[in-house]
$ cat upload-v8.txt   # compact mmCIF, C-alpha atoms and all ligand atoms
# COMPACT_ATOMS: atom_id res chain seq x y z
CA MET T 142 74.87 50.93 87.42
CA ALA T 143 72.38 48.17 88.29
CA THR T 144 69.19 48.38 86.25
CA ALA T 145 65.85 46.70 85.64
CA SER T 146 63.85 47.19 82.45
CA ILE T 147 63.27 50.94 82.01
CA PRO T 148 61.14 52.58 79.32
CA LYS T 149 62.32 55.70 77.47
CA THR T 150 59.22 57.78 78.20
CA MET T 151 56.76 58.02 81.05
CA GLN T 152 53.57 59.70 82.18
CA GLY T 153 53.82 62.76 84.37
CA VAL T 154 52.46 66.22 85.00
CA LEU T 155 54.23 69.32 83.70
CA ALA T 156 53.45 72.82 84.94
CA GLU T 157 53.45 74.65 81.63
CA SER T 158 53.65 78.02 83.41
CA THR T 159 52.87 79.46 86.81
CA GLY T 160 49.16 80.01 87.47
CA GLY T 161 45.98 78.21 88.53
CA PRO T 162 45.49 74.42 88.63
CA GLU T 163 44.78 74.41 84.87
CA VAL T 164 48.49 74.99 84.07
CA LEU T 165 49.14 71.38 85.15
CA LYS T 166 49.24 69.20 82.02
CA TRP T 167 49.23 65.42 82.13
CA ARG T 168 51.56 63.96 79.48
CA THR T 169 52.69 60.50 78.45
CA ASP T 170 55.82 61.47 76.52
CA ILE T 171 58.11 62.78 79.27
CA PRO T 172 61.65 61.34 79.07
CA VAL T 173 62.49 58.98 81.93
CA PRO T 174 65.38 60.58 83.86
CA THR T 175 68.79 58.93 84.12
CA PRO T 176 70.15 58.92 87.67
CA GLU T 177 73.40 60.74 88.44
CA ALA T 178 76.09 58.82 90.29
CA ASP T 179 74.68 59.71 93.70
CA GLU T 180 71.03 59.16 92.76
CA VAL T 181 68.61 56.26 92.49
CA LEU T 182 65.76 55.97 90.00
CA VAL T 183 62.44 55.21 91.70
CA LYS T 184 59.29 53.94 90.01
CA ASN T 185 56.69 55.90 91.96
CA GLU T 186 53.56 54.12 93.13
CA PHE T 187 52.08 56.74 95.48
CA ILE T 188 52.83 60.45 95.10
CA GLY T 189 52.28 62.95 97.92
CA VAL T 190 50.56 66.27 97.19
CA ASN T 191 51.49 69.06 99.61
CA TYR T 192 50.50 72.67 100.01
CA VAL T 193 54.04 73.65 99.04
CA ASP T 194 53.26 72.31 95.53
CA ILE T 195 50.63 75.02 95.26
CA TYR T 196 53.20 77.67 96.22
CA SER T 197 55.42 76.35 93.39
CA ARG T 198 52.57 76.25 90.88
CA THR T 199 51.41 79.78 91.63
CA GLY T 200 54.93 81.19 91.59
CA PHE T 201 54.90 82.08 95.29
CA LEU T 202 57.92 79.75 95.55
CA GLY T 203 60.22 78.90 92.63
CA MET T 204 59.19 76.44 89.93
CA PRO T 205 61.30 73.26 90.24
CA ARG T 206 63.80 72.22 87.60
CA GLY T 207 62.04 70.33 84.81
CA ARG T 208 58.68 71.95 85.74
CA ILE T 209 57.58 68.75 87.47
CA LEU T 210 56.07 69.51 90.89
CA GLY T 211 55.90 67.10 93.82
CA ARG T 212 58.29 66.70 96.74
CA GLU T 213 57.75 63.11 97.81
CA ALA T 214 56.71 59.66 96.66
CA GLU T 215 56.78 56.00 97.60
CA GLY T 216 57.82 53.31 95.18
CA THR T 217 60.47 50.82 94.12
CA ILE T 218 64.11 51.40 93.21
CA ILE T 219 64.50 50.47 89.57
CA CYS T 220 68.09 51.55 89.01
CA THR T 221 70.97 52.79 91.19
CA GLY T 222 73.56 55.39 90.15
CA SER T 223 77.19 54.36 89.65
CA GLY T 224 78.31 56.02 92.88
CA ASN T 225 75.77 54.36 95.16
CA HIS T 226 77.60 53.74 98.44
CA ARG T 227 74.60 52.78 100.50
CA ASP T 228 72.66 49.60 101.09
CA LEU T 229 70.07 50.69 98.50
CA GLU T 230 69.31 48.05 95.89
CA VAL T 231 67.07 47.54 92.89
CA GLY T 232 63.74 46.21 94.16
CA ASN T 233 63.82 48.03 97.53
CA ARG T 234 60.52 49.63 98.55
CA VAL T 235 61.39 53.20 99.49
CA VAL T 236 59.97 56.60 100.21
CA TRP T 237 61.83 59.75 99.19
CA MET T 238 61.76 63.52 99.55
CA ALA T 239 63.25 65.64 96.76
CA ILE T 240 61.71 67.24 93.65
CA GLY T 241 59.97 65.94 90.53
CA GLY T 242 57.38 63.68 92.15
CA TYR T 243 54.43 64.11 89.77
CA ALA T 244 55.79 61.45 87.44
CA GLU T 245 56.03 57.72 86.97
CA TYR T 246 59.79 57.75 87.60
CA THR T 247 61.98 60.17 89.58
CA SER T 248 65.76 60.34 90.04
CA VAL T 249 66.42 61.25 93.64
CA PRO T 250 69.55 61.86 95.73
CA GLU T 251 70.32 58.74 97.74
CA THR T 252 70.63 60.88 100.89
CA MET T 253 66.88 61.56 100.81
CA VAL T 254 65.71 57.97 100.34
CA TYR T 255 64.39 55.81 103.19
CA LYS T 256 63.56 52.12 103.08
CA VAL T 257 59.92 51.64 104.04
CA PRO T 258 59.48 49.24 106.98
CA SER T 259 57.61 46.12 105.87
CA ALA T 260 54.79 46.70 108.41
CA ILE T 261 53.76 49.97 106.72
CA GLN T 262 50.76 49.55 104.39
CA PRO T 263 51.11 50.65 100.73
CA GLY T 264 50.54 54.40 100.35
CA VAL T 265 51.03 55.24 104.02
CA ALA T 266 54.72 56.10 103.66
CA ALA T 267 54.02 58.65 100.91
CA ALA T 268 51.10 59.97 102.95
CA ALA T 269 53.19 60.35 106.09
CA LEU T 270 56.61 61.51 105.00
CA LEU T 271 56.70 65.25 104.36
CA GLN T 272 53.80 66.25 106.57
CA GLY T 273 54.84 63.84 109.35
CA LEU T 274 58.44 65.07 109.40
CA THR T 275 57.13 68.64 109.46
CA ALA T 276 54.87 67.87 112.42
CA LEU T 277 57.68 66.13 114.34
CA LEU T 278 60.22 68.88 113.72
CA LEU T 279 57.77 71.62 114.65
CA ILE T 280 57.06 70.15 118.07
CA HIS T 281 60.44 68.64 118.96
CA GLU T 282 63.01 70.94 117.37
CA ILE T 283 61.53 74.24 116.16
CA TYR T 284 59.43 74.95 119.25
CA PRO T 285 59.77 71.99 121.63
CA VAL T 286 56.39 71.71 123.35
CA ARG T 287 56.18 70.82 127.03
CA ASN T 288 53.64 68.84 128.98
CA GLY T 289 50.96 71.31 130.13
CA ASP T 290 51.58 73.94 127.41
CA TRP T 291 48.58 75.62 125.83
CA VAL T 292 49.01 75.42 122.06
CA LEU T 293 46.98 76.95 119.25
CA ILE T 294 47.32 75.17 115.93
CA HIS T 295 45.71 76.61 112.82
CA ALA T 296 44.40 74.38 110.01
CA ALA T 297 44.21 71.55 112.53
CA ALA T 298 42.33 69.26 110.10
CA GLY T 299 44.96 69.58 107.37
CA GLY T 300 47.68 67.10 106.50
CA VAL T 301 50.28 68.52 108.90
CA GLY T 302 47.60 69.61 111.36
CA LEU T 303 46.04 66.21 112.07
CA LEU T 304 49.43 64.60 112.66
CA GLN T 305 50.62 67.44 114.85
CA CYS T 306 47.45 67.30 116.97
CA GLN T 307 47.94 63.59 117.65
CA LEU T 308 51.62 64.00 118.51
CA MET T 309 51.03 66.94 120.84
CA LYS T 310 48.11 65.31 122.65
CA ALA T 311 50.34 62.30 123.36
CA LEU T 312 52.89 64.66 124.94
CA GLY T 313 50.33 66.10 127.36
CA VAL T 314 49.88 69.38 125.50
CA LYS T 315 46.56 71.22 125.75
CA VAL T 316 45.68 71.58 122.08
CA ILE T 317 43.32 74.20 120.67
CA GLY T 318 42.72 73.58 116.96
CA THR T 319 41.16 75.81 114.32
CA ALA T 320 39.49 74.90 111.03
CA SER T 321 36.86 76.24 108.65
CA THR T 322 33.95 73.78 108.92
CA ALA T 323 32.11 71.72 111.53
CA GLU T 324 33.23 68.50 109.86
CA LYS T 325 36.88 69.58 109.97
CA LEU T 326 36.57 70.61 113.62
CA LYS T 327 35.15 67.18 114.49
CA ILE T 328 38.06 65.41 112.83
CA ALA T 329 40.58 67.72 114.52
CA LYS T 330 38.97 66.87 117.86
CA GLU T 331 39.13 63.14 117.17
CA ASN T 332 42.84 63.59 116.46
CA GLY T 333 43.72 65.34 119.71
CA ALA T 334 42.55 68.95 119.57
CA GLU T 335 40.54 68.96 122.79
CA TRP T 336 39.23 72.48 122.09
CA VAL T 337 38.24 73.54 118.56
CA ILE T 338 37.33 76.89 117.05
CA ASN T 339 35.94 77.78 113.63
CA TYR T 340 38.27 80.61 112.61
CA THR T 341 36.02 81.72 109.78
CA GLU T 342 33.58 82.97 112.42
CA PRO T 343 34.20 86.06 114.58
CA GLY T 344 35.52 85.81 118.14
CA LEU T 345 38.62 83.64 117.87
CA VAL T 346 40.65 85.78 120.27
CA GLU T 347 37.91 85.86 122.89
CA LYS T 348 37.37 82.10 122.61
CA VAL T 349 41.07 81.31 123.08
CA LEU T 350 41.33 83.64 126.07
CA GLU T 351 38.22 82.10 127.60
CA ILE T 352 39.54 78.55 127.15
CA THR T 353 42.95 79.46 128.64
CA LYS T 354 41.34 81.55 131.42
CA GLY T 355 42.99 84.72 130.16
CA GLU T 356 46.51 83.29 130.00
CA GLY T 357 46.80 82.83 126.24
CA VAL T 358 48.82 80.10 124.55
CA GLN T 359 52.52 79.40 124.96
CA VAL T 360 52.82 78.81 121.21
CA VAL T 361 50.81 79.42 118.05
CA TYR T 362 51.68 77.17 115.11
CA ASP T 363 50.47 79.23 112.16
CA SER T 364 50.51 77.85 108.63
CA ILE T 365 47.83 80.30 107.44
CA GLY T 366 49.76 83.58 107.42
CA LYS T 367 47.88 86.71 106.35
CA ASP T 368 44.43 85.90 107.74
CA GLN T 369 45.69 85.03 111.23
CA SER T 370 48.67 87.32 111.93
CA GLU T 371 46.63 89.81 113.92
CA ASN T 372 44.88 87.11 115.98
CA ASN T 373 48.19 85.40 116.75
CA ILE T 374 49.69 88.33 118.63
CA GLU T 375 46.46 88.74 120.59
CA VAL T 376 46.20 85.12 121.75
CA VAL T 377 49.85 84.36 122.48
CA ALA T 378 50.74 84.42 126.20
CA LYS T 379 53.36 86.73 127.67
CA GLY T 380 56.77 85.27 126.81
CA GLY T 381 55.18 83.00 124.19
CA THR T 382 56.17 82.13 120.64
CA ILE T 383 54.54 82.50 117.24
CA VAL T 384 55.78 79.91 114.77
CA ASN T 385 55.12 80.95 111.17
CA ASN T 386 55.39 77.77 109.16
CA GLY T 387 53.26 78.46 106.11
CA ALA T 388 51.22 81.02 104.22
CA SER T 389 48.13 79.24 102.91
CA SER T 390 46.20 82.56 102.90
CA GLY T 391 49.21 84.68 101.87
CA MET T 392 52.25 86.07 103.68
CA GLY T 393 51.60 87.15 107.25
CA ALA T 394 51.71 90.85 108.06
CA PRO T 395 54.80 91.95 110.01
CA ILE T 396 54.16 92.68 113.70
CA SER T 397 55.70 95.83 115.09
CA PRO T 398 58.67 95.34 117.45
CA ALA T 399 56.86 97.45 120.04
CA ARG T 400 53.91 95.04 120.16
CA LEU T 401 56.22 92.05 120.38
CA ALA T 402 58.27 93.69 123.14
CA ALA T 403 55.15 94.57 125.12
CA LYS T 404 54.39 90.85 125.48
CA ASN T 405 57.98 89.60 125.19
CA VAL T 406 56.91 87.44 122.25
CA LYS T 407 59.30 85.56 119.98
CA VAL T 408 58.44 85.09 116.29
CA MET T 409 59.96 82.25 114.28
CA GLY T 410 59.88 82.82 110.53
CA PRO T 411 60.17 80.79 107.35
CA GLY T 412 63.95 80.40 107.70
CA ASP T 413 63.55 78.81 111.15
CA THR T 414 60.74 76.52 110.09
CA ALA T 415 61.67 75.38 106.55
CA LEU T 416 61.80 71.60 106.64
CA MET T 417 64.88 71.31 104.45
CA ASN T 418 66.90 73.52 106.83
CA HIS T 419 66.39 70.82 109.45
CA LEU T 420 66.92 67.79 107.19
CA ASN T 421 70.16 68.89 105.55
CA SER T 422 72.05 65.64 105.98
CA ARG T 423 71.36 61.97 105.38
CA GLN T 424 71.82 61.29 109.11
CA LYS T 425 69.14 63.81 110.10
CA PHE T 426 66.73 62.55 107.43
CA GLU T 427 67.24 58.96 108.62
CA LYS T 428 66.86 59.88 112.26
CA TRP T 429 63.53 61.66 111.83
CA CYS T 430 62.18 59.07 109.36
CA THR T 431 63.02 56.32 111.84
CA MET T 432 61.09 58.16 114.54
CA LEU T 433 58.13 58.83 112.22
CA PHE T 434 57.75 55.31 110.88
CA GLY T 435 58.41 53.83 114.33
CA LEU T 436 55.39 55.73 115.67
CA ILE T 437 53.22 54.52 112.79
CA VAL T 438 54.31 50.89 113.14
CA LYS T 439 53.58 51.01 116.89
CA GLY T 440 50.09 52.41 116.19
CA LYS T 441 50.89 55.71 117.92
CA LEU T 442 50.32 57.86 114.85
CA ASN T 443 47.43 57.45 112.46
CA VAL T 444 47.74 58.86 108.95
CA ARG T 445 44.44 60.01 107.45
CA ILE T 446 44.36 59.81 103.66
CA HIS T 447 41.75 62.21 102.32
CA ASP T 448 41.72 60.70 98.83
CA THR T 449 43.92 59.14 96.17
CA TYR T 450 43.64 60.71 92.71
CA ALA T 451 44.98 59.42 89.41
CA LEU T 452 48.07 61.35 88.31
CA SER T 453 46.04 62.42 85.27
CA GLU T 454 43.70 64.18 87.75
CA ALA T 455 46.36 66.50 89.19
CA VAL T 456 44.24 69.54 88.31
CA ARG T 457 41.39 68.21 90.47
CA ALA T 458 43.76 67.30 93.31
CA HIS T 459 45.16 70.85 93.35
CA THR T 460 41.71 72.42 93.04
CA ASP T 461 40.48 70.45 96.05
CA LEU T 462 43.55 71.15 98.23
CA GLN T 463 43.62 74.86 97.46
CA GLY T 464 39.82 75.04 97.71
CA ARG T 465 40.01 73.82 101.34
CA ARG T 466 38.02 70.66 100.53
CA THR T 467 40.53 68.17 101.93
CA MET T 468 41.08 66.69 105.39
CA GLY T 469 44.40 64.91 105.80
CA LYS T 470 46.64 63.73 103.02
CA VAL T 471 46.13 64.06 99.29
CA LEU T 472 47.80 61.30 97.27
CA MET T 473 48.09 60.57 93.55
CA MET T 474 48.86 57.33 91.71
CA PRO T 475 50.42 57.04 88.25
N1 LIG T 501 57.77 74.92 106.99
C1 LIG T 501 57.77 73.88 106.19
O1 LIG T 501 58.80 73.40 105.73
C2 LIG T 501 56.45 73.28 105.85
C3 LIG T 501 56.38 71.92 105.50
C4 LIG T 501 55.13 71.38 105.20
C5 LIG T 501 54.00 72.19 105.24
N2 LIG T 501 54.13 73.51 105.57
C6 LIG T 501 52.96 74.38 105.59
O2 LIG T 501 51.98 73.80 106.42
C7 LIG T 501 50.70 74.15 105.91
C8 LIG T 501 49.88 72.88 105.77
O3 LIG T 501 50.36 72.11 104.67
P1 LIG T 501 49.55 70.82 104.21
O4 LIG T 501 50.25 70.33 103.00
O5 LIG T 501 49.36 69.92 105.37
O6 LIG T 501 48.16 71.45 103.75
P2 LIG T 501 46.72 71.31 104.46
O7 LIG T 501 46.82 71.82 105.87
O8 LIG T 501 46.22 69.94 104.27
O9 LIG T 501 45.85 72.30 103.60
C9 LIG T 501 45.86 73.67 103.81
C10 LIG T 501 44.72 74.09 104.75
O10 LIG T 501 44.91 75.46 105.06
C11 LIG T 501 43.66 76.00 105.44
N3 LIG T 501 43.50 77.34 104.87
C12 LIG T 501 43.26 78.46 105.58
N4 LIG T 501 43.16 79.51 104.79
C13 LIG T 501 43.30 79.07 103.54
C14 LIG T 501 43.25 79.70 102.27
N5 LIG T 501 43.05 81.03 102.14
N6 LIG T 501 43.43 78.96 101.16
C15 LIG T 501 43.65 77.64 101.27
N7 LIG T 501 43.71 76.97 102.44
C16 LIG T 501 43.53 77.69 103.58
C17 LIG T 501 42.57 75.04 104.93
O11 LIG T 501 41.99 74.43 106.07
P3 LIG T 501 40.61 75.07 106.63
O12 LIG T 501 39.57 74.82 105.56
O13 LIG T 501 40.35 74.35 107.88
O14 LIG T 501 40.86 76.54 106.82
C18 LIG T 501 43.34 74.02 104.11
O15 LIG T 501 42.75 72.75 104.17
C19 LIG T 501 50.91 74.91 104.60
O16 LIG T 501 50.84 76.29 104.86
C20 LIG T 501 52.31 74.52 104.22
O17 LIG T 501 52.93 75.48 103.45
C21 LIG T 501 55.31 74.06 105.89
$ encode --input "upload-v8.txt" --output "structure tokens"
Amino acid sequence: MATASIPKTMQGVLAESTGGPEVLKWRTDIPVPTPEADEVLVKNEFIGVNYVDIYSRTGFLGMPRGRILGREAEGTIICTGSGNHRDLEVGNRVVWMAIGGYAEYTSVPETMVYKVPSAIQPGVAAAALLQGLTALLLIHEIYPVRNGDWVLIHAAAGGVGLLQCQLMKALGVKVIGTASTAEKLKIAKENGAEWVINYTEPGLVEKVLEITKGEGVQVVYDSIGKDQSENNIEVVAKGGTIVNNGASSGMGAPISPARLAAKNVKVMGPGDTALMNHLNSRQKFEKWCTMLFGLIVKGKLNVRIHDTYALSEAVRAHTDLQGRRTMGKVLMMP
């Protein structure tokens, strides 16, 4: 095992139970983990905050082992496990996706570690990884969009949303984006949603049908769930697809088979869209990371960082994300 100087304890955020943001407790006495043979220990410099962390905190999804939330971070390898068979070395700048990110150090499986290209600015890799891979998989693998498709994307000014809008626009897709405020709609538009709708106001279905001249959209990418399930079936075109890839407002209501059959609509659910079901090997993780960071290096994908909070401000970061006050990526720094 190759090592650099490693302290015994570190700062981090523990979820002391499930509940509201206040259950997140910043501590300075958390033991630094020791990497297993197939892991590397990373000193995190930028930590990604994702909506999935809120699902874990509230108990909607399971609490991770060790009660440390956070699925991604960017930092430096400080120690490699004894079974490291890859070209990963102490000192490498990497980005990773696993669990236990709200901490100064995280032990992560070497299969989910990617070396950050030198042209990527500090913080951008952590800001891009999970949401960028989600956006790429949604449009290339889960429902591959085609040039000329009408697409409705909910929460278009969110972390995943802004990246997905840019990627789809570049593919010649006609993007209709929704969001809750005028400022968010403006940013969604700047990022590729040519048509925008405030979905907190009445008339979403009518507006989509007017924009598409009655046709409806070939696909709805819905990360909202409950609040939009009824609208989705109304705006999807005959033979179209509803992709359920999140539940920010709660689980979507089931749609009756008769209504789906009447329009010949396909619904893709959480099992089809869960990121980890598509990144279940090192080769797949590498392949999609290479595509993601290639686009960023070439200037074809712009990552908007909403704000960077201190790790000790995790409560505020969660309050802002859940309170719909963010546009783009939320980061934390130890
Ligand atoms: N399938 C997967 O593996 C996968 C991977 C990553 C993310 N996701 C999902 O993709 C979605 C976006 O994730 P993200 O991290 O990029 O978050 P985000 O979009 O930056 O933030 C969530 C957004 O959802 C909107 N929203 C609508 N109703 C809401 C409500 N009742 N409460 C809170 N927010 C509400 C808000 O935008 P407005 O103010 O504009 O309404 C809010 O900004 C989440 O649902 C997440 O679970 C899925």
$ residues_near_point --input "upload-v8.txt" --point "(44.5, 69.0, 127.8)" --cutoff "10 Å" --atoms "only C-alpha atoms" --output "number ranges by chain"
T: 288-292, 309-317, 333-336
$ closest_residue --input "upload-v8.txt" --among "T:Thr467, T:Ser453, T:Ser390, T:Gln359" --to "T:Glu375" --atoms "only C-alpha atoms"
T:Gln359
$ closest_residue --input "upload-v8.txt" --among "T:Pro411, T:Gly393, T:Gly435, T:Gly160" --to "ligand LIG 501 (chain T)" --atoms "all atoms listed in the file"
T:Pro411
$ axis_aligned_box --input "upload-v8.txt" --around "stretch 428-446 of chain T" --padding-each-side "3 Å" --output "lines of an AutoDock Vina configuration file"
center_x = 55.6
center_y = 56.3
center_z = 110.8
size_x = 28.5
size_y = 16.8
size_z = 20.3
$ residues_near_ligand --input "upload-v8.txt" --ligand "ligand LIG 501 (chain T)" --cutoff "6 Å" --atoms "all atoms listed in the file" --output "VMD selection string"
chain T and resid 191 to 193 272 275 296 298 to 302 320 to 321 364 to 365 386 to 390 414 to 416 462 to 465 467 469
$ atom_distance --input "upload-v8.txt" --atom1 "atom CA of T:Tyr255" --atom2 "atom CA of T:Gly224"
17.3 Å
$ residues_near_point --input "upload-v8.txt" --point "(68.7, 59.2, 95.5)" --cutoff "6 Å" --atoms "all atoms listed in the file" --output "ChimeraX atom specification"
/T:180-181,249-252,254
$ atom_distance --input "upload-v8.txt" --atom1 "atom CA of T:Asn385" --atom2 "atom CA of T:Asp363"
5.1 Å
$ residues_around --input "upload-v8.txt" --residues "T:Ala378" --least-positions-apart "5" --cutoff "6 Å" --atoms "all atoms listed in the file" --output "PyMOL selection string"
chain T and resi 356-359
$ write_last_selection --input "upload-v8.txt" --atoms "C-alpha atoms" --output "tab-separated table (two decimals), in the frame of the given file"
chain	number	residue	atom	x	y	z
T	356	GLU	CA	46.51	83.29	130.00
T	357	GLY	CA	46.80	82.83	126.24
T	358	VAL	CA	48.82	80.10	124.55
T	359	GLN	CA	52.52	79.40	124.96
$ decode --input "upload-v8.txt" --residues "stretch 238-312 of chain T" --atoms "C-alpha atoms" --output "PDB file, in the first residue's frame"
ATOM      1  CA  MET T 238     -18.602   8.285  -7.912  1.00  0.00           C
ATOM      2  CA  ALA T 239     -19.437   6.057  -4.937  1.00  0.00           C
ATOM      3  CA  ILE T 240     -20.724   6.823  -1.431  1.00  0.00           C
ATOM      4  CA  GLY T 241     -19.423   8.804   1.543  1.00  0.00           C
ATOM      5  CA  GLY T 242     -18.578  12.072  -0.190  1.00  0.00           C
ATOM      6  CA  TYR T 243     -19.431  14.603   2.532  1.00  0.00           C
ATOM      7  CA  ALA T 244     -16.018  14.185   4.133  1.00  0.00           C
ATOM      8  CA  GLU T 245     -12.420  15.248   3.833  1.00  0.00           C
ATOM      9  CA  TYR T 246     -11.333  11.739   2.813  1.00  0.00           C
ATOM     10  CA  THR T 247     -13.257   8.905   1.118  1.00  0.00           C
ATOM     11  CA  SER T 248     -12.242   5.328   0.292  1.00  0.00           C
ATOM     12  CA  VAL T 249     -13.659   4.512  -3.115  1.00  0.00           C
ATOM     13  CA  PRO T 250     -13.636   1.439  -5.371  1.00  0.00           C
ATOM     14  CA  GLU T 251     -10.963   1.889  -8.021  1.00  0.00           C
ATOM     15  CA  THR T 252     -13.520   0.954 -10.705  1.00  0.00           C
ATOM     16  CA  MET T 253     -15.377   4.225 -10.086  1.00  0.00           C
ATOM     17  CA  VAL T 254     -12.382   6.557 -10.204  1.00  0.00           C
ATOM     18  CA  TYR T 255     -11.479   8.648 -13.260  1.00  0.00           C
ATOM     19  CA  LYS T 256      -8.347  10.718 -13.784  1.00  0.00           C
ATOM     20  CA  VAL T 257      -9.334  14.328 -14.416  1.00  0.00           C
ATOM     21  CA  PRO T 258      -7.940  15.682 -17.710  1.00  0.00           C
ATOM     22  CA  SER T 259      -5.462  18.486 -17.032  1.00  0.00           C
ATOM     23  CA  ALA T 260      -7.493  21.004 -19.084  1.00  0.00           C
ATOM     24  CA  ILE T 261     -10.461  20.767 -16.680  1.00  0.00           C
ATOM     25  CA  GLN T 262     -10.566  23.640 -14.169  1.00  0.00           C
ATOM     26  CA  PRO T 263     -10.647  22.804 -10.423  1.00  0.00           C
ATOM     27  CA  GLY T 264     -14.179  22.011  -9.254  1.00  0.00           C
ATOM     28  CA  VAL T 265     -15.601  21.391 -12.718  1.00  0.00           C
ATOM     29  CA  ALA T 266     -15.072  17.616 -12.602  1.00  0.00           C
ATOM     30  CA  ALA T 267     -17.041  17.282  -9.350  1.00  0.00           C
ATOM     31  CA  ALA T 268     -19.672  19.626 -10.753  1.00  0.00           C
ATOM     32  CA  ALA T 269     -20.019  17.647 -13.971  1.00  0.00           C
ATOM     33  CA  LEU T 270     -19.693  14.002 -13.053  1.00  0.00           C
ATOM     34  CA  LEU T 271     -22.950  12.583 -11.709  1.00  0.00           C
ATOM     35  CA  GLN T 272     -25.324  15.028 -13.350  1.00  0.00           C
ATOM     36  CA  GLY T 273     -23.389  14.997 -16.641  1.00  0.00           C
ATOM     37  CA  LEU T 274     -23.321  11.199 -16.842  1.00  0.00           C
ATOM     38  CA  THR T 275     -27.042  11.170 -16.062  1.00  0.00           C
ATOM     39  CA  ALA T 276     -27.749  13.658 -18.849  1.00  0.00           C
ATOM     40  CA  LEU T 277     -25.647  11.709 -21.367  1.00  0.00           C
ATOM     41  CA  LEU T 278     -27.174   8.344 -20.500  1.00  0.00           C
ATOM     42  CA  LEU T 279     -30.714   9.714 -20.601  1.00  0.00           C
ATOM     43  CA  ILE T 280     -30.361  11.013 -24.145  1.00  0.00           C
ATOM     44  CA  HIS T 281     -28.053   8.404 -25.677  1.00  0.00           C
ATOM     45  CA  GLU T 282     -28.944   5.138 -23.956  1.00  0.00           C
ATOM     46  CA  ILE T 283     -32.188   5.329 -21.970  1.00  0.00           C
ATOM     47  CA  TYR T 284     -34.229   7.147 -24.612  1.00  0.00           C
ATOM     48  CA  PRO T 285     -31.932   7.957 -27.552  1.00  0.00           C
ATOM     49  CA  VAL T 286     -33.192  11.269 -28.912  1.00  0.00           C
ATOM     50  CA  ARG T 287     -33.261  11.904 -32.644  1.00  0.00           C
ATOM     51  CA  ASN T 288     -32.731  15.046 -34.656  1.00  0.00           C
ATOM     52  CA  GLY T 289     -36.145  16.731 -34.999  1.00  0.00           C
ATOM     53  CA  ASP T 290     -37.738  15.136 -31.907  1.00  0.00           C
ATOM     54  CA  TRP T 291     -39.932  17.300 -29.707  1.00  0.00           C
ATOM     55  CA  VAL T 292     -38.768  16.832 -26.116  1.00  0.00           C
ATOM     56  CA  LEU T 293     -40.225  18.108 -22.858  1.00  0.00           C
ATOM     57  CA  ILE T 294     -37.737  18.293 -20.006  1.00  0.00           C
ATOM     58  CA  HIS T 295     -38.911  19.187 -16.519  1.00  0.00           C
ATOM     59  CA  ALA T 296     -36.681  21.101 -14.074  1.00  0.00           C
ATOM     60  CA  ALA T 297     -34.709  22.358 -17.066  1.00  0.00           C
ATOM     61  CA  ALA T 298     -32.698  24.833 -14.944  1.00  0.00           C
ATOM     62  CA  GLY T 299     -31.512  22.165 -12.507  1.00  0.00           C
ATOM     63  CA  GLY T 300     -28.138  20.459 -12.446  1.00  0.00           C
ATOM     64  CA  VAL T 301     -29.100  17.608 -14.784  1.00  0.00           C
ATOM     65  CA  GLY T 302     -31.544  19.821 -16.678  1.00  0.00           C
ATOM     66  CA  LEU T 303     -29.106  22.497 -17.870  1.00  0.00           C
ATOM     67  CA  LEU T 304     -26.628  19.909 -19.124  1.00  0.00           C
ATOM     68  CA  GLN T 305     -29.321  17.876 -20.836  1.00  0.00           C
ATOM     69  CA  CYS T 306     -30.722  20.961 -22.576  1.00  0.00           C
ATOM     70  CA  GLN T 307     -27.308  21.826 -24.021  1.00  0.00           C
ATOM     71  CA  LEU T 308     -26.644  18.268 -25.190  1.00  0.00           C
ATOM     72  CA  MET T 309     -30.057  17.874 -26.814  1.00  0.00           C
ATOM     73  CA  LYS T 310     -29.936  21.239 -28.575  1.00  0.00           C
ATOM     74  CA  ALA T 311     -26.594  20.235 -30.108  1.00  0.00           C
ATOM     75  CA  LEU T 312     -28.254  17.077 -31.458  1.00  0.00           C
TER      76      LEU T 312
END
